[in-house]
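What follows is a short report on a single structure.
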Amino acid sequence: MSLTKDIKSLLPHREPFLFVDEIISADEKGAVCEHVFTENEFFFKGHFPEYPVVPGVILCETMAQAGGAALRYLNIVPADGLFFFATLDKVKFRNQVRPGDKARMEITFLRNSPKMIKQSGKLYVGDNLCCEAEWMCLVGSAQ
(Lines give C-alpha, C1' and ligand atoms only; values in the text may rest on other atoms or scores of the structure.)
Protein backbone atom coordinates (compact mmCIF):
# COMPACT_ATOMS: atom_id res chain seq x y z
CA MET A 1 0.00 0.00 0.00
CA SER A 2 1.32 3.41 -0.98
CA LEU A 3 1.05 6.65 0.99
CA THR A 4 1.62 8.70 -2.16
CA LYS A 5 2.89 8.51 -5.70
CA ASP A 6 2.69 12.30 -6.11
CA ILE A 7 6.43 12.77 -5.65
CA LYS A 8 6.62 15.81 -7.93
CA SER A 9 4.60 17.79 -5.39
CA LEU A 10 7.23 16.93 -2.75
CA LEU A 11 10.55 17.25 -4.61
CA PRO A 12 11.87 19.87 -7.04
CA HIS A 13 13.66 17.13 -9.03
CA ARG A 14 12.36 16.23 -12.48
CA GLU A 15 13.13 13.61 -15.10
CA PRO A 16 15.71 12.49 -15.90
CA PHE A 17 16.92 13.11 -12.33
CA LEU A 18 13.91 12.03 -10.25
CA PHE A 19 14.52 8.69 -8.54
CA VAL A 20 11.51 8.18 -6.26
CA ASP A 21 8.26 6.66 -7.54
CA GLU A 22 6.32 6.33 -4.31
CA ILE A 23 6.40 6.60 -0.54
CA ILE A 24 5.27 3.32 1.01
CA SER A 25 5.45 4.37 4.67
CA ALA A 26 6.68 7.35 6.68
CA ASP A 27 6.70 8.47 10.29
CA GLU A 28 8.91 10.59 12.57
CA LYS A 29 11.58 7.84 12.65
CA GLY A 30 11.97 7.18 8.94
CA ALA A 31 10.44 6.08 5.67
CA VAL A 32 10.27 3.38 3.02
CA CYS A 33 10.16 4.44 -0.63
CA GLU A 34 10.48 2.70 -3.99
CA HIS A 35 11.81 3.39 -7.47
CA VAL A 36 12.04 1.19 -10.55
CA PHE A 37 15.18 1.77 -12.59
CA THR A 38 13.92 1.32 -16.15
CA GLU A 39 16.10 0.52 -19.13
CA ASN A 40 15.44 4.10 -20.31
CA GLU A 41 17.46 5.77 -17.52
CA PHE A 42 19.88 8.23 -19.12
CA PHE A 43 23.02 6.84 -17.47
CA PHE A 44 22.65 3.29 -18.79
CA LYS A 45 23.77 4.49 -22.25
CA GLY A 46 27.25 5.09 -20.87
CA HIS A 47 27.49 3.07 -17.63
CA PHE A 48 28.04 0.53 -19.19
CA PRO A 49 26.47 -0.08 -22.62
CA GLU A 50 27.44 -3.77 -22.66
CA TYR A 51 26.46 -4.37 -19.02
CA PRO A 52 24.30 -1.51 -17.67
CA VAL A 53 24.60 -0.85 -13.93
CA VAL A 54 23.18 2.02 -11.85
CA PRO A 55 26.13 4.21 -10.81
CA GLY A 56 26.84 4.26 -7.07
CA VAL A 57 26.40 8.02 -6.83
CA ILE A 58 22.89 7.63 -8.29
CA LEU A 59 22.07 5.06 -5.59
CA CYS A 60 23.15 7.58 -2.94
CA GLU A 61 21.11 10.32 -4.64
CA THR A 62 18.11 7.98 -4.76
CA MET A 63 18.26 7.39 -0.99
CA ALA A 64 18.64 11.11 -0.29
CA GLN A 65 15.68 11.95 -2.54
CA ALA A 66 13.60 9.33 -0.73
CA GLY A 67 14.49 10.85 2.63
CA GLY A 68 13.74 14.38 1.42
CA ALA A 69 10.40 13.41 -0.12
CA ALA A 70 9.34 11.71 3.10
CA LEU A 71 10.28 14.73 5.22
CA ARG A 72 8.22 16.94 2.94
CA TYR A 73 5.31 14.50 3.01
CA LEU A 74 5.39 14.66 6.82
CA ASN A 75 5.68 18.48 6.77
CA ILE A 76 8.94 18.32 8.75
CA VAL A 77 10.86 20.58 6.35
CA PRO A 78 9.68 23.64 4.42
CA ALA A 79 7.93 23.02 1.11
CA ASP A 80 10.14 25.58 -0.69
CA GLY A 81 13.47 24.34 0.66
CA LEU A 82 16.14 22.75 -1.51
CA PHE A 83 18.40 20.00 -0.16
CA PHE A 84 22.12 20.12 -0.90
CA PHE A 85 24.49 17.29 0.01
CA ALA A 86 26.98 18.42 2.66
CA THR A 87 28.44 15.05 3.65
CA LEU A 88 28.21 11.46 2.49
CA ASP A 89 29.67 8.93 4.93
CA LYS A 90 29.92 5.21 5.56
CA VAL A 91 29.01 4.41 1.95
CA LYS A 92 29.09 0.75 1.04
CA PHE A 93 28.10 -0.82 -2.27
CA ARG A 94 27.10 -4.44 -1.74
CA ASN A 95 25.28 -5.54 -4.91
CA GLN A 96 24.62 -4.14 -8.37
CA VAL A 97 21.36 -2.51 -9.42
CA ARG A 98 20.45 -3.22 -13.05
CA PRO A 99 17.76 -2.12 -15.54
CA GLY A 100 14.30 -3.26 -14.45
CA ASP A 101 15.22 -3.56 -10.76
CA LYS A 102 12.79 -2.19 -8.19
CA ALA A 103 14.77 -0.45 -5.46
CA ARG A 104 13.37 -0.18 -1.94
CA MET A 105 14.91 2.56 0.15
CA GLU A 106 14.69 2.25 3.93
CA ILE A 107 15.56 5.63 5.39
CA THR A 108 16.21 6.50 9.04
CA PHE A 109 15.89 10.10 10.21
CA LEU A 110 18.83 10.85 12.50
CA ARG A 111 18.42 14.61 12.96
CA ASN A 112 16.16 17.22 11.40
CA SER A 113 16.26 20.98 11.74
CA PRO A 114 15.08 23.82 9.50
CA LYS A 115 18.63 24.19 8.07
CA MET A 116 20.11 20.68 8.26
CA ILE A 117 19.03 17.07 7.76
CA LYS A 118 21.00 13.99 8.79
CA GLN A 119 19.80 10.59 7.59
CA SER A 120 20.96 7.06 6.96
CA GLY A 121 19.62 4.62 4.46
CA LYS A 122 19.76 1.21 2.92
CA LEU A 123 18.76 0.43 -0.63
CA TYR A 124 17.54 -3.08 -1.43
CA VAL A 125 16.51 -4.97 -4.54
CA GLY A 126 14.30 -7.74 -3.20
CA ASP A 127 16.08 -9.04 -0.10
CA ASN A 128 19.53 -8.06 -1.40
CA LEU A 129 21.19 -5.08 0.26
CA CYS A 130 22.76 -3.07 -2.57
CA CYS A 131 23.89 0.16 -0.96
CA GLU A 132 24.03 1.83 2.45
CA ALA A 133 25.17 5.26 3.58
CA GLU A 134 24.76 8.17 5.97
CA TRP A 135 24.44 11.73 4.69
CA MET A 136 23.81 15.28 5.76
CA CYS A 137 22.01 17.83 3.62
CA LEU A 138 21.85 21.56 4.11
CA VAL A 139 18.44 23.07 3.51
CA GLY A 140 18.58 26.20 1.38
CA SER A 141 16.46 28.17 -1.00
CA ALA A 142 16.54 28.88 -4.71
CA GLN A 143 17.19 32.57 -3.95
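Within each chain, counting starts at residue 1; across the C-alpha coordinates, chains are named A, B, ... in the order shown, with ligands numbered 1 upward in that order.
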
Compile the contact shell of A:Val36 as a list in words: residues with an atom at most 7 Å away, counting only C-alpha atoms, same-chain residues fewer than 4 positions apart removed. Gly100, Asp101, Lys102 and Ala103 of chain A

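The environment of A:Phe19 within 7 Å, counting only C-alpha atoms and disregarding residues fewer than 2 places along the same chain, consists of A:Phe17, A:Asp21, A:His35, A:Thr62, A:Gln65.
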
Nearest residue to A:Gly140 out of A:Pro16, A:Gly56, A:Pro78, A:Gly67, using only C-alpha atoms? A:Pro78

Using backbone DSSP assignments, extract all strand (DSSP E or B) residues from chain A; output them as a PyMOL selection string. chain A and resi 4+22-27+30-36+82-93+102-112+116-125+128-140

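The gap separating atom CA of A:Ile23 from atom CA of A:Lys90 is 24.3 Å, in Å to one decimal.
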
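Across A:Arg98, A:Lys115, A:Lys122, A:His13, the tightest approach to A:Tyr51 is made by A:Arg98 when counting only C-alpha atoms.
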